Amino acid sequence: MADEARAEDERSLTARAQAGDISAFEELVARHKDRVYGVALRIVRSEADAAEITQEAFLSAYQHLLELRGDAAFGTWVHRIAANLSVSRLRHLKVAGETETPLEEPEFTDHGLLAHYPQRDWSKGAEERALDNELRGAIRQAVDRLPSGYREVFLLKDVEGLSYEEIAEMTGDSVPAIKSRLHRARVALRAAIDRFYNES
């Protein structure tokens, strides 16, 4: 019930903001600025760029507020604006000359299975062992080491929950290319988690 009440409250604030109530829009910004900043920071990995993207996202939301219709949630909408701006910023940085280390490709058998599986099945141990700060840190570092194209797809799909089609629209890449990069990113992250458990 609390979720329904929050959603209804947000719809009410959005309607007031669309009618020109600046204080209602300011309340929407206050509620969502941390999450918007968070998604931008995870994608571009620069506090300064993330802060700019956050401002740009809310400015864009304000300028296009009347385009938000029906039951669409303001939070989801502005979050996707920020993700789109972040991807665009990342692409611009790459064009400007950022070089990347290629992701180490996993080896597959003729049947399409992984040629080398981790020596230890850490998934069972993960159920018995709390996900502590060290493991979270290892995962965060592994995500940060992914090439930007892999990192952005992983964050948009597995962290932010966007669909393949939404990511394709944002990045201009095909759905099969996105699925391929996501698979390779997941394999790289699994290897990082395996190393964490083997070294612990």
# chains A, B, ... in the order shown; residues from 1 in each chain; ligands from 1

$ residues_around --residues "Ile167 (chain A)" --least-positions-apart "5" --cutoff "10 Å" --atoms "only C-alpha atoms" --output "list of chain:residue names"
A:Ala83, A:Asn84, A:Val87, A:Glu152, A:Val153, A:Leu156, A:Lys157, A:Gly161, A:Leu162, A:Gly172, A:Asp173, A:Ser174, A:Val175, A:Ile178

$ write_last_selection --atoms "N, CA and C atoms" --output "CSV table (one decimal), in the first residue's frame"
chain,number,residue,atom,x,y,z
A,83,ALA,N,20.1,8.3,-18.1
A,83,ALA,CA,20.9,7.1,-18.7
A,83,ALA,C,21.2,7.4,-20.1
A,84,ASN,N,20.3,8.0,-20.9
A,84,ASN,CA,20.5,8.3,-22.3
A,84,ASN,C,21.6,9.4,-22.4
A,87,VAL,N,25.0,7.8,-21.7
A,87,VAL,CA,25.5,7.0,-22.8
A,87,VAL,C,26.0,7.9,-23.9
A,152,GLU,N,28.5,-0.1,-20.0
A,152,GLU,CA,27.2,0.6,-20.2
A,152,GLU,C,26.1,-0.3,-20.4
A,153,VAL,N,26.3,-1.4,-21.2
A,153,VAL,CA,25.2,-2.4,-21.4
A,153,VAL,C,24.9,-3.1,-20.2
A,156,LEU,N,23.0,-0.7,-17.8
A,156,LEU,CA,21.7,-0.4,-18.2
A,156,LEU,C,20.7,-1.6,-18.1
A,157,LYS,N,21.2,-2.8,-18.4
A,157,LYS,CA,20.4,-4.0,-18.4
A,157,LYS,C,20.3,-4.6,-17.0
A,161,GLY,N,17.8,-2.2,-15.3
A,161,GLY,CA,16.6,-2.9,-15.7
A,161,GLY,C,15.9,-2.5,-17.0
A,162,LEU,N,16.7,-1.8,-17.9
A,162,LEU,CA,16.1,-1.5,-19.2
A,162,LEU,C,16.0,-2.7,-20.1
A,172,GLY,N,22.1,3.1,-30.3
A,172,GLY,CA,22.2,3.0,-31.7
A,172,GLY,C,22.8,1.7,-32.2
A,173,ASP,N,22.9,0.7,-31.3
A,173,ASP,CA,23.5,-0.6,-31.6
A,173,ASP,C,22.3,-1.6,-31.8
A,174,SER,N,22.6,-2.7,-32.4
A,174,SER,CA,21.6,-3.7,-32.6
A,174,SER,C,21.4,-4.5,-31.4
A,175,VAL,N,20.2,-5.1,-31.2
A,175,VAL,CA,19.9,-6.0,-30.1
A,175,VAL,C,20.9,-7.2,-30.0
A,178,ILE,N,24.1,-6.0,-28.5
A,178,ILE,CA,24.0,-5.7,-27.1
A,178,ILE,C,24.0,-6.9,-26.3

$ closest_residue --among "A:Glu4, A:Asp144, A:Glu10, A:Glu27" --to "Ala188 (chain A)" --atoms "only C-alpha atoms"
A:Asp144

$ atom_distance --atom1 "CA of Val187 (chain A)" --atom2 "CA of Arg89 (chain A)"
26.0 Å

$ closest_residue --among "A:Arg6, A:Asp49, A:Gly75, A:Val159" --to "Leu28 (chain A)" --atoms "only C-alpha atoms"
A:Gly75

$ residues_around --residues "Ala177 (chain A)" --least-positions-apart "5" --cutoff "10 Å" --atoms "only C-alpha atoms" --output "PyMOL selection string"
chain A and resi 164+168+182-183

$ write_last_selection --atoms "N, CA and C atoms" --output "PDB file, in the first residue's frame"
ATOM      1  N   TYR A 164      16.327  -4.725 -23.792  1.00  0.00           N
ATOM      2  CA  TYR A 164      17.298  -4.704 -24.887  1.00  0.00           C
ATOM      3  C   TYR A 164      16.908  -3.646 -25.921  1.00  0.00           C
ATOM      4  N   ALA A 168      19.068  -0.507 -27.136  1.00  0.00           N
ATOM      5  CA  ALA A 168      19.383  -0.356 -28.562  1.00  0.00           C
ATOM      6  C   ALA A 168      19.019   1.040 -29.054  1.00  0.00           C
ATOM      7  N   LEU A 182      26.705  -7.940 -23.440  1.00  0.00           N
ATOM      8  CA  LEU A 182      26.232  -8.233 -22.088  1.00  0.00           C
ATOM      9  C   LEU A 182      26.720  -9.606 -21.644  1.00  0.00           C
ATOM     10  N   HIS A 183      26.655 -10.599 -22.539  1.00  0.00           N
ATOM     11  CA  HIS A 183      27.121 -11.944 -22.193  1.00  0.00           C
ATOM     12  C   HIS A 183      28.606 -11.917 -21.818  1.00  0.00           C
TER      13      HIS A 183
END

$ atom_distance --atom1 "CA of Arg35 (chain A)" --atom2 "CA of Ser180 (chain A)"
27.6 Å

$ closest_residue --among "A:Asp9, A:Glu199, A:Ala192, A:Val78" --to "Ala57 (chain A)" --atoms "only C-alpha atoms"
A:Val78

$ closest_residue --among "A:Ala2, A:Ile139, A:Leu68, A:Ala82" --to "Val36 (chain A)" --atoms "only C-alpha atoms"
A:Ala82

$ closest_residue --among "A:Ile53, A:Glu67, A:Asn198, A:Ala30" --to "Ala15 (chain A)" --atoms "only C-alpha atoms"
A:Glu67

$ closest_residue --among "A:Ala5, A:Ile81, A:Ile43, A:Leu66" --to "Ala19 (chain A)" --atoms "only C-alpha atoms"
A:Leu66
